[in-house]
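K.L.:
Pasting a structure here, questions to come.
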Amino acid sequence: MDKKLLEILVCPLCKGPLIFNKPTKELICKGDRLAYPVRDDIPVMLEEEARQLDAEEEF
């Protein structure tokens with residue numbers, strides 16, 4: 001994930017910062033506990049494509 005792109009991307013729901021999870025290739029929003037997929041190096045920033053994080057998942 002390009003660092004400059006990661007700096008400007010925010011969660012589409014709460015506008016909070018995102019963290020890139022390299023092993024799962026997801027952008028994580030801690031505030032909303034959502035994980036947005038990254039497919040072919042392209043972030044999919046749609047709420048319906050995001051998965052809800054389990055309570056035990058920590059980042």
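To be explicit about the labels: the chains of the structure tokens are called A, B, and onward in the order shown, and within each one the residues are counted from 1, while ligands get numbers from 1 in the order they are shown.
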Find the residues near stretch 21-37 of chain A: any atom within 6 Å, counting only C-alpha atoms, skip ones fewer than 5 places away on the same chain, and give them as a PyMOL selection string.
P.N.:
chain A and resi 44+50-53
K.L.:
Figure out the distance between atom CA of A:Ala55 and atom CA of A:Leu5, please, to one decimal in Å.
P.N.:
27.8 Å
K.L.:
DSSP on the backbone: what in chain A comes out helix (DSSP H, G or I), as JSON, numbers by chain?
P.N.:
{"A": [3, 4, 5, 6, 7, 8, 47, 48, 49]}
K.L.:
Return the single residue from A:Phe59, A:Leu6, A:Phe20, A:Cys11 that is closest to A:Glu47, with distances computed using only C-alpha atoms.
P.N.:
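For A:Glu47, the nearest of the candidates is A:Cys11.
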K.L.:
What is the atom CA of A:Asp40-atom CA of A:Glu56 distance in Å, reported with one decimal?
P.N.:
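Separating atom CA of A:Asp40 from atom CA of A:Glu56 is a distance of 27.5 Å.
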K.L.:
Could you state the separation of atom CA of A:Asp2 and atom CA of A:Asp41 in Å, given to one decimal place?
P.N.:
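Between atom CA of A:Asp2 and atom CA of A:Asp41 the gap works out to 8.7 Å.
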